[in-house]
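As provided, my_file26.cif (mmCIF, C-alpha atoms) reads as follows.
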data_my_file
loop_
_atom_site.label_atom_id
_atom_site.label_comp_id
_atom_site.auth_asym_id
_atom_site.auth_seq_id
_atom_site.Cartn_x
_atom_site.Cartn_y
_atom_site.Cartn_z
CA MET P 1 -17.29 -18.83 20.20
CA ALA P 2 -17.32 -22.23 18.56
CA PHE P 3 -20.08 -24.44 17.22
CA ILE P 4 -19.96 -28.21 17.54
CA MET P 5 -21.50 -30.19 14.71
CA GLU P 6 -22.24 -33.89 14.95
CA PRO P 7 -23.03 -36.10 11.96
CA ILE P 8 -26.69 -36.93 11.37
CA GLY P 9 -25.81 -39.67 8.90
CA VAL P 10 -23.27 -40.88 6.36
CA ILE P 11 -23.04 -40.62 2.57
CA ARG P 12 -22.26 -43.79 0.58
CA THR P 13 -20.75 -43.32 -2.86
CA PRO P 14 -18.65 -45.26 -5.40
CA PHE P 15 -15.66 -43.03 -4.61
CA ALA P 16 -13.13 -44.49 -2.18
CA GLU P 17 -10.38 -42.04 -3.06
CA ARG P 18 -10.36 -38.40 -4.00
CA ASP P 19 -8.88 -38.92 -7.47
CA GLN P 20 -12.03 -40.82 -8.48
CA ILE P 21 -14.42 -38.01 -7.59
CA PRO P 22 -16.00 -35.82 -10.23
CA ILE P 23 -15.34 -32.22 -9.33
CA GLN P 24 -19.01 -31.33 -8.77
CA PRO P 25 -22.40 -33.01 -9.06
CA ALA P 26 -23.07 -31.26 -12.38
CA PHE P 27 -20.37 -33.48 -13.89
CA SER P 28 -21.51 -36.68 -12.18
CA GLN P 29 -24.27 -39.13 -12.95
CA ALA P 30 -23.06 -41.27 -10.07
CA THR P 31 -25.67 -42.48 -7.63
CA GLY P 32 -25.17 -42.75 -3.89
CA GLN P 33 -27.06 -43.36 -0.69
CA VAL P 34 -27.59 -40.79 2.02
CA GLU P 35 -28.06 -42.85 5.17
CA VAL P 36 -29.67 -40.76 7.87
CA PHE P 37 -29.22 -42.17 11.37
CA PRO P 38 -32.49 -43.69 12.68
CA GLN P 39 -32.91 -41.13 15.46
CA TYR P 40 -33.26 -38.38 12.82
CA ALA P 41 -35.45 -40.30 10.36
CA GLU P 42 -38.64 -38.48 11.36
CA GLY P 43 -37.07 -35.28 10.02
CA LEU P 44 -37.24 -36.71 6.48
CA GLN P 45 -41.03 -36.53 6.33
CA ASP P 46 -42.25 -34.69 3.18
CA ILE P 47 -38.83 -34.73 1.53
CA GLU P 48 -40.09 -36.97 -1.30
CA GLY P 49 -41.89 -33.96 -2.76
CA PHE P 50 -38.60 -32.31 -3.65
CA SER P 51 -36.78 -33.30 -6.83
CA HIS P 52 -33.46 -31.93 -5.55
CA ILE P 53 -31.87 -31.53 -2.15
CA ILE P 54 -28.86 -29.69 -0.78
CA LEU P 55 -26.41 -31.83 1.20
CA LEU P 56 -24.11 -30.20 3.74
CA TYR P 57 -21.33 -32.47 4.92
CA ALA P 58 -17.98 -32.49 6.67
CA LEU P 59 -14.96 -32.53 4.36
CA HIS P 60 -13.49 -35.01 6.81
CA ARG P 61 -10.42 -36.03 4.81
CA SER P 62 -9.31 -32.45 4.36
CA SER P 63 -6.67 -31.38 6.86
CA GLY P 64 -5.99 -27.77 7.66
CA TYR P 65 -6.77 -24.98 5.22
CA ALA P 66 -5.17 -22.52 2.86
CA LEU P 67 -6.38 -19.02 2.01
CA ARG P 68 -5.15 -19.31 -1.58
CA VAL P 69 -5.73 -22.57 -3.41
CA LYS P 70 -5.53 -23.89 -6.96
CA PRO P 71 -9.03 -24.84 -8.05
CA PHE P 72 -9.45 -28.20 -9.75
CA LEU P 73 -10.64 -26.42 -12.88
CA ASP P 74 -7.98 -23.73 -13.09
CA HIS P 75 -4.22 -23.27 -13.16
CA ARG P 76 -3.94 -20.19 -10.95
CA LEU P 77 -4.12 -19.66 -7.23
CA ARG P 78 -7.45 -18.18 -6.11
CA GLY P 79 -8.86 -17.04 -2.79
CA VAL P 80 -10.40 -20.10 -1.13
CA PHE P 81 -13.76 -18.33 -0.69
CA ALA P 82 -13.90 -17.83 -4.47
CA THR P 83 -13.57 -21.61 -4.92
CA ARG P 84 -15.24 -24.82 -3.78
CA HIS P 85 -11.89 -26.29 -2.72
CA PRO P 86 -12.11 -28.60 0.33
CA ARG P 87 -9.26 -27.03 2.34
CA ARG P 88 -11.43 -24.30 3.93
CA PRO P 89 -11.30 -22.73 7.42
CA ASN P 90 -14.59 -24.48 8.24
CA PRO P 91 -14.51 -27.62 6.07
CA ILE P 92 -18.21 -27.80 5.19
CA GLY P 93 -19.03 -29.20 1.76
CA LEU P 94 -22.19 -28.38 -0.20
CA SER P 95 -23.69 -30.36 -3.08
CA VAL P 96 -27.00 -30.09 -4.89
CA VAL P 97 -28.16 -33.59 -5.89
CA ARG P 98 -31.24 -35.13 -7.45
CA LEU P 99 -33.43 -37.11 -5.06
CA LEU P 100 -34.37 -40.37 -6.78
CA ALA P 101 -36.15 -42.22 -3.98
CA ARG P 102 -36.48 -42.61 -0.24
CA ARG P 103 -36.41 -45.98 1.48
CA GLY P 104 -36.99 -45.51 5.19
CA SER P 105 -34.14 -43.36 6.43
CA THR P 106 -32.03 -43.81 3.28
CA LEU P 107 -32.17 -41.43 0.33
CA GLU P 108 -31.08 -42.58 -3.13
CA VAL P 109 -29.49 -39.62 -4.89
CA GLU P 110 -27.95 -38.89 -8.29
CA GLY P 111 -25.10 -36.55 -9.12
CA ILE P 112 -23.04 -37.22 -6.04
CA ASP P 113 -19.46 -35.98 -5.77
CA VAL P 114 -18.15 -36.88 -2.32
CA LEU P 115 -16.00 -39.58 -0.78
CA ASP P 116 -17.64 -42.77 0.44
CA GLY P 117 -18.17 -42.47 4.18
CA THR P 118 -18.54 -38.70 4.23
CA PRO P 119 -20.26 -37.50 7.43
CA LEU P 120 -23.59 -35.83 6.72
CA LEU P 121 -24.33 -32.60 8.62
CA ASP P 122 -27.62 -31.36 7.16
CA ILE P 123 -30.16 -31.83 4.38
CA LYS P 124 -32.12 -28.89 3.00
CA PRO P 125 -34.75 -28.90 0.28
CA TYR P 126 -33.72 -27.18 -2.95
CA VAL P 127 -36.27 -24.41 -3.48
CA PRO P 128 -35.95 -22.57 -6.81
CA ASP P 129 -37.33 -19.34 -5.30
CA PHE P 130 -34.43 -19.31 -2.82
CA ASP P 131 -31.63 -21.19 -4.55
CA ARG P 132 -31.89 -20.62 -8.29
CA VAL P 133 -30.30 -17.48 -9.73
CA ALA P 134 -31.31 -16.74 -13.30
CA ASP P 135 -28.46 -14.44 -14.26
CA ALA P 136 -25.43 -15.39 -12.20
CA ARG P 137 -21.94 -14.53 -13.38
CA ALA P 138 -19.19 -16.89 -12.22
CA GLY P 139 -15.87 -15.03 -12.42
CA TRP P 140 -12.79 -17.15 -13.02
CA TYR P 141 -14.96 -20.24 -13.44
CA ASP P 142 -16.60 -18.78 -16.54
CA ASP P 143 -13.15 -17.92 -17.89
CA ARG P 144 -11.41 -21.16 -16.93
CA PRO P 145 -9.00 -22.87 -19.32
CA GLU P 146 -10.55 -25.57 -21.49
CA ASP P 147 -8.13 -28.17 -20.21
CA GLY P 148 -9.26 -27.76 -16.60
CA GLN P 149 -9.43 -31.10 -14.82
CA VAL P 150 -12.68 -32.92 -14.25
CA THR P 151 -11.67 -34.96 -11.22
CA GLN P 152 -10.20 -34.00 -7.86
CA ALA P 153 -6.94 -35.90 -8.52
CA VAL P 154 -4.72 -32.93 -7.64
CA CYS P 155 -5.56 -31.07 -4.47
CA MET N 1 -17.07 -37.84 15.95
CA ALA N 2 -17.74 -34.13 16.15
CA PHE N 3 -16.59 -31.17 14.09
CA ILE N 4 -15.81 -27.82 15.65
CA MET N 5 -16.62 -24.76 13.57
CA GLU N 6 -15.37 -21.29 14.43
CA PRO N 7 -16.72 -18.10 12.90
CA ILE N 8 -14.67 -16.52 10.10
CA GLY N 9 -16.63 -13.28 10.32
CA VAL N 10 -19.95 -11.71 11.17
CA ILE N 11 -22.98 -10.69 9.12
CA ARG N 12 -24.44 -7.20 9.67
CA THR N 13 -28.08 -6.70 8.68
CA PRO N 14 -31.01 -4.39 9.46
CA PHE N 15 -32.72 -7.20 11.39
CA ALA N 16 -32.29 -7.09 15.16
CA GLU N 17 -35.14 -9.51 15.85
CA ARG N 18 -36.43 -12.56 14.08
CA ASP N 19 -39.88 -11.13 13.38
CA GLN N 20 -38.29 -8.51 11.12
CA ILE N 21 -36.56 -11.02 8.88
CA PRO N 22 -37.89 -11.86 5.43
CA ILE N 23 -38.23 -15.62 5.16
CA GLN N 24 -35.60 -16.03 2.47
CA PRO N 25 -33.33 -13.84 0.35
CA ALA N 26 -35.65 -14.18 -2.65
CA PHE N 27 -38.16 -12.06 -0.71
CA SER N 28 -35.62 -9.51 0.51
CA GLN N 29 -34.02 -6.52 -1.14
CA ALA N 30 -32.31 -5.73 2.14
CA THR N 31 -28.61 -5.03 2.00
CA GLY N 32 -26.09 -6.15 4.57
CA GLN N 33 -22.37 -6.36 5.21
CA VAL N 34 -20.45 -9.58 5.47
CA GLU N 35 -17.45 -8.69 7.62
CA VAL N 36 -14.72 -11.29 7.22
CA PHE N 37 -12.17 -11.26 10.03
CA PRO N 38 -8.83 -9.78 8.86
CA GLN N 39 -6.91 -13.03 9.24
CA TYR N 40 -9.12 -14.61 6.54
CA ALA N 41 -9.22 -11.63 4.16
CA GLU N 42 -6.71 -13.14 1.73
CA GLY N 43 -9.24 -15.89 1.03
CA LEU N 44 -11.55 -13.31 -0.61
CA GLN N 45 -9.25 -12.81 -3.59
CA ASP N 46 -11.12 -13.21 -6.91
CA ILE N 47 -14.55 -13.16 -5.29
CA GLU N 48 -15.47 -9.92 -7.06
CA GLY N 49 -15.91 -11.91 -10.28
CA PHE N 50 -18.98 -13.65 -8.90
CA SER N 51 -22.36 -11.94 -9.01
CA HIS N 52 -23.76 -14.19 -6.27
CA ILE N 53 -22.31 -16.00 -3.29
CA ILE N 54 -23.52 -18.67 -0.90
CA LEU N 55 -23.28 -17.79 2.79
CA LEU N 56 -23.13 -20.55 5.39
CA TYR N 57 -23.66 -19.31 8.92
CA ALA N 58 -24.51 -20.44 12.42
CA LEU N 59 -28.18 -20.12 13.37
CA HIS N 60 -26.87 -18.89 16.71
CA ARG N 61 -30.19 -17.75 18.23
CA SER N 62 -31.83 -21.11 17.58
CA SER N 63 -31.83 -23.40 20.62
CA GLY N 64 -32.26 -27.13 20.32
CA TYR N 65 -34.04 -28.71 17.40
CA ALA N 66 -37.26 -30.44 16.41
CA LEU N 67 -37.68 -33.18 13.81
CA ARG N 68 -41.10 -31.88 12.79
CA VAL N 69 -41.58 -28.14 12.43
CA LYS N 70 -44.13 -25.75 11.01
CA PRO N 71 -42.52 -23.91 8.10
CA PHE N 72 -42.98 -20.14 7.99
CA LEU N 73 -44.85 -20.52 4.71
CA ASP N 74 -47.17 -23.38 5.64
CA HIS N 75 -49.72 -24.39 8.25
CA ARG N 76 -48.74 -28.06 8.66
CA LEU N 77 -45.91 -29.78 10.47
CA ARG N 78 -43.20 -30.99 8.09
CA GLY N 79 -40.00 -32.96 8.52
CA VAL N 80 -37.27 -30.45 9.39
CA PHE N 81 -35.05 -31.67 6.51
CA ALA N 82 -37.88 -30.82 4.09
CA THR N 83 -37.80 -27.21 5.38
CA ARG N 84 -35.34 -24.36 5.90
CA HIS N 85 -36.46 -23.93 9.51
CA PRO N 86 -33.67 -22.80 11.89
CA ARG N 87 -34.26 -25.43 14.62
CA ARG N 88 -32.11 -28.14 12.96
CA PRO N 89 -29.85 -30.82 14.51
CA ASN N 90 -26.83 -28.94 13.10
CA PRO N 91 -27.99 -25.31 13.00
CA ILE N 92 -26.24 -24.22 9.81
CA GLY N 93 -28.04 -21.63 7.70
CA LEU N 94 -27.60 -21.18 3.96
CA SER N 95 -28.47 -18.12 1.89
CA VAL N 96 -27.73 -17.20 -1.71
CA VAL N 97 -27.16 -13.44 -1.94
CA ARG N 98 -26.09 -10.95 -4.60
CA LEU N 99 -22.56 -9.59 -4.18
CA LEU N 100 -22.70 -5.84 -4.74
CA ALA N 101 -19.17 -4.80 -3.84
CA ARG N 102 -16.09 -5.66 -1.83
CA ARG N 103 -14.30 -3.16 0.36
CA GLY N 104 -11.25 -4.80 1.85
CA SER N 105 -12.49 -7.66 3.96
CA THR N 106 -16.14 -6.51 3.90
CA LEU N 107 -18.64 -7.66 1.29
CA GLU N 108 -21.73 -5.60 0.54
CA VAL N 109 -24.57 -7.99 -0.28
CA GLU N 110 -28.22 -7.74 -1.32
CA GLY N 111 -31.06 -10.08 -0.46
CA ILE N 112 -29.97 -10.86 3.06
CA ASP N 113 -32.29 -12.69 5.46
CA VAL N 114 -30.42 -13.26 8.71
CA LEU N 115 -30.20 -11.63 12.11
CA ASP N 116 -27.72 -8.84 12.69
CA GLY N 117 -24.61 -10.31 14.30
CA THR N 118 -24.97 -13.77 12.76
CA PRO N 119 -21.66 -15.69 12.88
CA LEU N 120 -20.32 -16.45 9.40
CA LEU N 121 -18.94 -19.97 8.83
CA ASP N 122 -18.12 -20.07 5.12
CA ILE N 123 -18.48 -18.26 1.80
CA LYS N 124 -18.74 -20.18 -1.47
CA PRO N 125 -19.06 -18.79 -4.98
CA TYR N 126 -22.43 -19.44 -6.64
CA VAL N 127 -21.63 -21.41 -9.79
CA PRO N 128 -24.63 -22.01 -12.07
CA ASP N 129 -23.15 -25.29 -13.36
CA PHE N 130 -23.18 -26.65 -9.79
CA ASP N 131 -25.96 -24.77 -8.04
CA ARG N 132 -28.68 -23.97 -10.57
CA VAL N 133 -31.30 -26.65 -11.26
CA ALA N 134 -33.42 -25.92 -14.29
CA ASP N 135 -36.35 -28.19 -13.52
CA ALA N 136 -36.61 -28.52 -9.75
CA ARG N 137 -39.90 -29.48 -8.11
CA ALA N 138 -40.43 -28.15 -4.59
CA GLY N 139 -43.02 -30.37 -2.88
CA TRP N 140 -45.08 -28.69 -0.16
CA TYR N 141 -43.50 -25.32 -0.95
CA ASP N 142 -45.01 -25.34 -4.46
CA ASP N 143 -48.37 -26.23 -2.95
CA ARG N 144 -48.25 -23.85 0.02
CA PRO N 145 -51.29 -21.83 1.03
CA GLU N 146 -51.47 -18.35 -0.44
CA ASP N 147 -51.67 -16.79 3.01
CA GLY N 148 -48.31 -18.23 4.07
CA GLN N 149 -46.36 -15.70 6.07
CA VAL N 150 -43.51 -13.70 4.62
CA THR N 151 -41.59 -13.04 7.80
CA GLN N 152 -40.19 -15.33 10.48
CA ALA N 153 -42.45 -13.87 13.19
CA VAL N 154 -43.76 -17.28 14.27
CA CYS N 155 -41.15 -19.97 14.82
#
Could you quickly redo this structure as structure tokens?
Amino acid sequence: MAFIMEPIGVIRTPFAERDQIPIQPAFSQATGQVEVFPQYAEGLQDIEGFSHIILLYALHRSSGYALRVKPFLDHRLRGVFATRHPRRPNPIGLSVVRLLARRGSTLEVEGIDVLDGTPLLDIKPYVPDFDRVADARAGWYDDRPEDGQVTQAVC
Amino acid sequence: MAFIMEPIGVIRTPFAERDQIPIQPAFSQATGQVEVFPQYAEGLQDIEGFSHIILLYALHRSSGYALRVKPFLDHRLRGVFATRHPRRPNPIGLSVVRLLARRGSTLEVEGIDVLDGTPLLDIKPYVPDFDRVADARAGWYDDRPEDGQVTQAVC
């Protein structure tokens, strides 16, 4: 059983190469444009009410996958499902970004951390009741070395 | 350009039919089992350190999509990208759940809101620095009628 996903748009960012990308939106004030293809524009109705959105996208420059990877912020190999590393069996990326404005079928967003030209797969509203965990514990990430990198230069 | 996604496991839940499903994990104390296929088990290393995980899965019982849908919690049609409705152009579901335990390649989770047998596409660790927004505003959801439904009985 396989599922075929087709892009619904493209994400424009200042990052042409991976070594320019902040490791996650929380470390980025960069702005970008989420360009939704015109045939899907009607699906954006009511999105302006949300201060944050979840972008799902294809990690299209990632080839193949590994089950153990070295996270950008750590020195040790970790299971890929305990990391946000791009080399995943299904290379779907997820970023929570701030929605600044909508102009037609383009969304201006802040805190973007993906390559320019990244294919967009889905947009979901960020709903605190569903997506915000008050007391989460984050394993190796909480214990990461202080000199962990802050860009994706080494993959 | 299309992307082919293949399941890396299956999600077992108490919900055989959609009308039994709570609308989102925040409204569910249900427990379930995330069964990762053995060939991907090595990718689970280190996941026990995380109290919460993000499940991405195929909304496999959803057929086709609509650009305007009636959310489970509202009476009005909304743009699909401003909702978590399953009838999306790329039917990828996202749930944040509590990780209770790992037994080999099976994860016991709490707060599950998907159909039994749902194909698993990815697991990501929930990292507060990336995924928790302190001050999010949630548009129509914040203003929803008090009699909004709490199951997915009507789609």
Overlay target chain P, mobile chain N, all C-alpha paired in order, as an mmCIF file with C-alpha atoms, in the coordinates of the input:
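For reference, result_1.cif as written:
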data_model
loop_
_atom_site.group_PDB
_atom_site.id
_atom_site.type_symbol
_atom_site.label_atom_id
_atom_site.label_comp_id
_atom_site.auth_asym_id
_atom_site.auth_seq_id
_atom_site.Cartn_x
_atom_site.Cartn_y
_atom_site.Cartn_z
ATOM 1 C CA MET N 1 -17.294 -18.839 20.230
ATOM 2 C CA ALA N 2 -17.322 -22.228 18.566
ATOM 3 C CA PHE N 3 -20.087 -24.443 17.234
ATOM 4 C CA ILE N 4 -19.974 -28.205 17.550
ATOM 5 C CA MET N 5 -21.508 -30.184 14.708
ATOM 6 C CA GLU N 6 -22.240 -33.893 14.936
ATOM 7 C CA PRO N 7 -23.036 -36.093 11.958
ATOM 8 C CA ILE N 8 -26.708 -36.925 11.353
ATOM 9 C CA GLY N 9 -25.812 -39.675 8.898
ATOM 10 C CA VAL N 10 -23.295 -40.875 6.361
ATOM 11 C CA ILE N 11 -23.041 -40.615 2.581
ATOM 12 C CA ARG N 12 -22.262 -43.791 0.601
ATOM 13 C CA THR N 13 -20.738 -43.316 -2.853
ATOM 14 C CA PRO N 14 -18.646 -45.239 -5.393
ATOM 15 C CA PHE N 15 -15.642 -43.026 -4.605
ATOM 16 C CA ALA N 16 -13.121 -44.497 -2.177
ATOM 17 C CA GLU N 17 -10.372 -42.031 -3.080
ATOM 18 C CA ARG N 18 -10.362 -38.390 -4.000
ATOM 19 C CA ASP N 19 -8.897 -38.905 -7.467
ATOM 20 C CA GLN N 20 -12.039 -40.809 -8.467
ATOM 21 C CA ILE N 21 -14.415 -38.001 -7.585
ATOM 22 C CA PRO N 22 -15.997 -35.818 -10.251
ATOM 23 C CA ILE N 23 -15.363 -32.194 -9.364
ATOM 24 C CA GLN N 24 -18.999 -31.319 -8.788
ATOM 25 C CA PRO N 25 -22.405 -32.986 -9.053
ATOM 26 C CA ALA N 26 -23.094 -31.258 -12.375
ATOM 27 C CA PHE N 27 -20.376 -33.474 -13.877
ATOM 28 C CA SER N 28 -21.520 -36.668 -12.164
ATOM 29 C CA GLN N 29 -24.274 -39.126 -12.937
ATOM 30 C CA ALA N 30 -23.056 -41.266 -10.066
ATOM 31 C CA THR N 31 -25.659 -42.471 -7.623
ATOM 32 C CA GLY N 32 -25.180 -42.734 -3.894
ATOM 33 C CA GLN N 33 -27.065 -43.370 -0.679
ATOM 34 C CA VAL N 34 -27.580 -40.798 2.012
ATOM 35 C CA GLU N 35 -28.053 -42.853 5.169
ATOM 36 C CA VAL N 36 -29.685 -40.760 7.876
ATOM 37 C CA PHE N 37 -29.234 -42.173 11.369
ATOM 38 C CA PRO N 38 -32.503 -43.686 12.688
ATOM 39 C CA GLN N 39 -32.923 -41.127 15.458
ATOM 40 C CA TYR N 40 -33.256 -38.374 12.816
ATOM 41 C CA ALA N 41 -35.458 -40.293 10.361
ATOM 42 C CA GLU N 42 -38.643 -38.471 11.373
ATOM 43 C CA GLY N 43 -37.084 -35.273 10.033
ATOM 44 C CA LEU N 44 -37.244 -36.715 6.486
ATOM 45 C CA GLN N 45 -41.034 -36.527 6.337
ATOM 46 C CA ASP N 46 -42.243 -34.708 3.189
ATOM 47 C CA ILE N 47 -38.831 -34.750 1.532
ATOM 48 C CA GLU N 48 -40.091 -36.984 -1.278
ATOM 49 C CA GLY N 49 -41.886 -33.963 -2.753
ATOM 50 C CA PHE N 50 -38.592 -32.327 -3.662
ATOM 51 C CA SER N 51 -36.776 -33.316 -6.838
ATOM 52 C CA HIS N 52 -33.459 -31.950 -5.550
ATOM 53 C CA ILE N 53 -31.870 -31.541 -2.149
ATOM 54 C CA ILE N 54 -28.868 -29.698 -0.773
ATOM 55 C CA LEU N 55 -26.411 -31.822 1.202
ATOM 56 C CA LEU N 56 -24.113 -30.191 3.743
ATOM 57 C CA TYR N 57 -21.338 -32.466 4.928
ATOM 58 C CA ALA N 58 -17.991 -32.488 6.673
ATOM 59 C CA LEU N 59 -14.969 -32.510 4.362
ATOM 60 C CA HIS N 60 -13.520 -35.012 6.817
ATOM 61 C CA ARG N 61 -10.433 -36.045 4.809
ATOM 62 C CA SER N 62 -9.310 -32.446 4.371
ATOM 63 C CA SER N 63 -6.664 -31.377 6.889
ATOM 64 C CA GLY N 64 -5.999 -27.755 7.682
ATOM 65 C CA TYR N 65 -6.773 -24.997 5.236
ATOM 66 C CA ALA N 66 -5.154 -22.529 2.863
ATOM 67 C CA LEU N 67 -6.376 -19.032 2.015
ATOM 68 C CA ARG N 68 -5.147 -19.321 -1.568
ATOM 69 C CA VAL N 69 -5.720 -22.576 -3.419
ATOM 70 C CA LYS N 70 -5.529 -23.878 -6.955
ATOM 71 C CA PRO N 71 -9.042 -24.840 -8.041
ATOM 72 C CA PHE N 72 -9.446 -28.212 -9.745
ATOM 73 C CA LEU N 73 -10.629 -26.424 -12.877
ATOM 74 C CA ASP N 74 -7.970 -23.721 -13.096
ATOM 75 C CA HIS N 75 -4.212 -23.268 -13.168
ATOM 76 C CA ARG N 76 -3.935 -20.178 -10.939
ATOM 77 C CA LEU N 77 -4.125 -19.675 -7.203
ATOM 78 C CA ARG N 78 -7.450 -18.181 -6.116
ATOM 79 C CA GLY N 79 -8.868 -17.032 -2.803
ATOM 80 C CA VAL N 80 -10.389 -20.100 -1.134
ATOM 81 C CA PHE N 81 -13.770 -18.344 -0.693
ATOM 82 C CA ALA N 82 -13.894 -17.832 -4.476
ATOM 83 C CA THR N 83 -13.574 -21.627 -4.926
ATOM 84 C CA ARG N 84 -15.238 -24.843 -3.774
ATOM 85 C CA HIS N 85 -11.891 -26.301 -2.706
ATOM 86 C CA PRO N 86 -12.097 -28.623 0.343
ATOM 87 C CA ARG N 87 -9.246 -27.035 2.361
ATOM 88 C CA ARG N 88 -11.427 -24.311 3.956
ATOM 89 C CA PRO N 89 -11.286 -22.738 7.448
ATOM 90 C CA ASN N 90 -14.593 -24.485 8.254
ATOM 91 C CA PRO N 91 -14.516 -27.616 6.081
ATOM 92 C CA ILE N 92 -18.205 -27.811 5.198
ATOM 93 C CA GLY N 93 -19.046 -29.184 1.762
ATOM 94 C CA LEU N 94 -22.197 -28.383 -0.192
ATOM 95 C CA SER N 95 -23.684 -30.356 -3.073
ATOM 96 C CA VAL N 96 -27.001 -30.088 -4.885
ATOM 97 C CA VAL N 97 -28.157 -33.578 -5.885
ATOM 98 C CA ARG N 98 -31.241 -35.139 -7.456
ATOM 99 C CA LEU N 99 -33.426 -37.119 -5.049
ATOM 100 C CA LEU N 100 -34.369 -40.370 -6.764
ATOM 101 C CA ALA N 101 -36.142 -42.220 -3.973
ATOM 102 C CA ARG N 102 -36.484 -42.622 -0.234
ATOM 103 C CA ARG N 103 -36.412 -45.981 1.488
ATOM 104 C CA GLY N 104 -36.996 -45.478 5.178
ATOM 105 C CA SER N 105 -34.152 -43.358 6.437
ATOM 106 C CA THR N 106 -32.033 -43.802 3.281
ATOM 107 C CA LEU N 107 -32.183 -41.430 0.325
ATOM 108 C CA GLU N 108 -31.090 -42.569 -3.119
ATOM 109 C CA VAL N 109 -29.480 -39.612 -4.883
ATOM 110 C CA GLU N 110 -27.946 -38.887 -8.287
ATOM 111 C CA GLY N 111 -25.089 -36.554 -9.113
ATOM 112 C CA ILE N 112 -23.035 -37.224 -6.028
ATOM 113 C CA ASP N 113 -19.447 -35.979 -5.766
ATOM 114 C CA VAL N 114 -18.131 -36.878 -2.324
ATOM 115 C CA LEU N 115 -16.001 -39.592 -0.787
ATOM 116 C CA ASP N 116 -17.624 -42.778 0.434
ATOM 117 C CA GLY N 117 -18.184 -42.483 4.179
ATOM 118 C CA THR N 118 -18.535 -38.695 4.226
ATOM 119 C CA PRO N 119 -20.263 -37.504 7.427
ATOM 120 C CA LEU N 120 -23.601 -35.823 6.711
ATOM 121 C CA LEU N 121 -24.339 -32.599 8.629
ATOM 122 C CA ASP N 122 -27.622 -31.363 7.166
ATOM 123 C CA ILE N 123 -30.166 -31.833 4.385
ATOM 124 C CA LYS N 124 -32.126 -28.890 2.993
ATOM 125 C CA PRO N 125 -34.769 -28.913 0.278
ATOM 126 C CA TYR N 126 -33.731 -27.188 -2.959
ATOM 127 C CA VAL N 127 -36.276 -24.413 -3.475
ATOM 128 C CA PRO N 128 -35.947 -22.581 -6.806
ATOM 129 C CA ASP N 129 -37.326 -19.347 -5.304
ATOM 130 C CA PHE N 130 -34.417 -19.315 -2.828
ATOM 131 C CA ASP N 131 -31.627 -21.200 -4.556
ATOM 132 C CA ARG N 132 -31.895 -20.622 -8.302
ATOM 133 C CA VAL N 133 -30.282 -17.478 -9.729
ATOM 134 C CA ALA N 134 -31.299 -16.761 -13.287
ATOM 135 C CA ASP N 135 -28.463 -14.448 -14.256
ATOM 136 C CA ALA N 136 -25.426 -15.399 -12.192
ATOM 137 C CA ARG N 137 -21.924 -14.537 -13.386
ATOM 138 C CA ALA N 138 -19.171 -16.892 -12.238
ATOM 139 C CA GLY N 139 -15.861 -15.005 -12.435
ATOM 140 C CA TRP N 140 -12.778 -17.157 -13.005
ATOM 141 C CA TYR N 141 -14.939 -20.259 -13.435
ATOM 142 C CA ASP N 142 -16.584 -18.784 -16.552
ATOM 143 C CA ASP N 143 -13.145 -17.931 -17.896
ATOM 144 C CA ARG N 144 -11.394 -21.173 -16.937
ATOM 145 C CA PRO N 145 -9.012 -22.890 -19.329
ATOM 146 C CA GLU N 146 -10.565 -25.571 -21.498
ATOM 147 C CA ASP N 147 -8.116 -28.169 -20.222
ATOM 148 C CA GLY N 148 -9.253 -27.754 -16.614
ATOM 149 C CA GLN N 149 -9.431 -31.101 -14.891
ATOM 150 C CA VAL N 150 -12.678 -32.917 -14.276
ATOM 151 C CA THR N 151 -11.649 -34.937 -11.261
ATOM 152 C CA GLN N 152 -10.174 -33.973 -7.902
ATOM 153 C CA ALA N 153 -6.933 -35.886 -8.551
ATOM 154 C CA VAL N 154 -4.723 -32.891 -7.741
ATOM 155 C CA CYS N 155 -5.552 -31.022 -4.552
#
Report task. Would you list the contacts of Val34 of chain N as a ChimeraX atom specification, taking every protein, DNA or RNA residue within 9 Å and counting only C-alpha atoms, but skipping same-chain residues closer than 2 positions in sequence? Result -> /N:9-13,32,36,105-109,120
Using only C-alpha atoms, I'd like a table of the residues in chain P that come within 6 Å of chain N; for each, show the closest atom pair and its distance in Å rounded to one decimal, ordered by chain and ascending number, as a Markdown table.
| residue | atom | partner | partner_atom | distance |
| --- | --- | --- | --- | --- |
| P:Ala2 | CA | N:Glu6 | CA | 4.7 |
| P:Phe3 | CA | N:Met5 | CA | 5.0 |
| P:Ile4 | CA | N:Ile4 | CA | 4.6 |
| P:Met5 | CA | N:Phe3 | CA | 5.0 |
| P:Glu6 | CA | N:Ala2 | CA | 4.7 |
| P:Ala26 | CA | N:Phe130 | CA | 5.3 |
| P:Glu42 | CA | N:Leu67 | CA | 5.9 |
| P:Gly43 | CA | N:Gly79 | CA | 4.0 |
| P:Leu44 | CA | N:Gly79 | CA | 5.1 |
| P:Gln45 | CA | N:Gly79 | CA | 4.3 |
| P:Asp46 | CA | N:Ala82 | CA | 5.9 |
| P:Ile47 | CA | N:Ala82 | CA | 4.8 |
| P:Gly49 | CA | N:Gly139 | CA | 3.8 |
| P:Phe50 | CA | N:Ala138 | CA | 4.6 |
| P:Ser51 | CA | N:Arg137 | CA | 5.1 |
| P:Leu67 | CA | N:Gly43 | CA | 4.4 |
| P:Arg68 | CA | N:Gly43 | CA | 5.9 |
| P:Gly79 | CA | N:Gly43 | CA | 4.0 |
| P:Val80 | CA | N:Gly43 | CA | 4.9 |
| P:Phe81 | CA | N:Ile123 | CA | 5.3 |
| P:Ala82 | CA | N:Ile47 | CA | 4.8 |
| P:Asn90 | CA | N:Met5 | CA | 5.7 |
| P:Ile123 | CA | N:Phe81 | CA | 5.3 |
| P:Lys124 | CA | N:Phe81 | CA | 5.4 |
| P:Pro125 | CA | N:Ala82 | CA | 5.3 |
| P:Val127 | CA | N:Ala138 | CA | 5.7 |
| P:Phe130 | CA | N:Ala26 | CA | 5.3 |
| P:Arg132 | CA | N:Arg132 | CA | 5.2 |
| P:Ala136 | CA | N:Ser51 | CA | 5.6 |
| P:Arg137 | CA | N:Ser51 | CA | 5.1 |
| P:Ala138 | CA | N:Phe50 | CA | 4.6 |
| P:Gly139 | CA | N:Gly49 | CA | 3.8 |
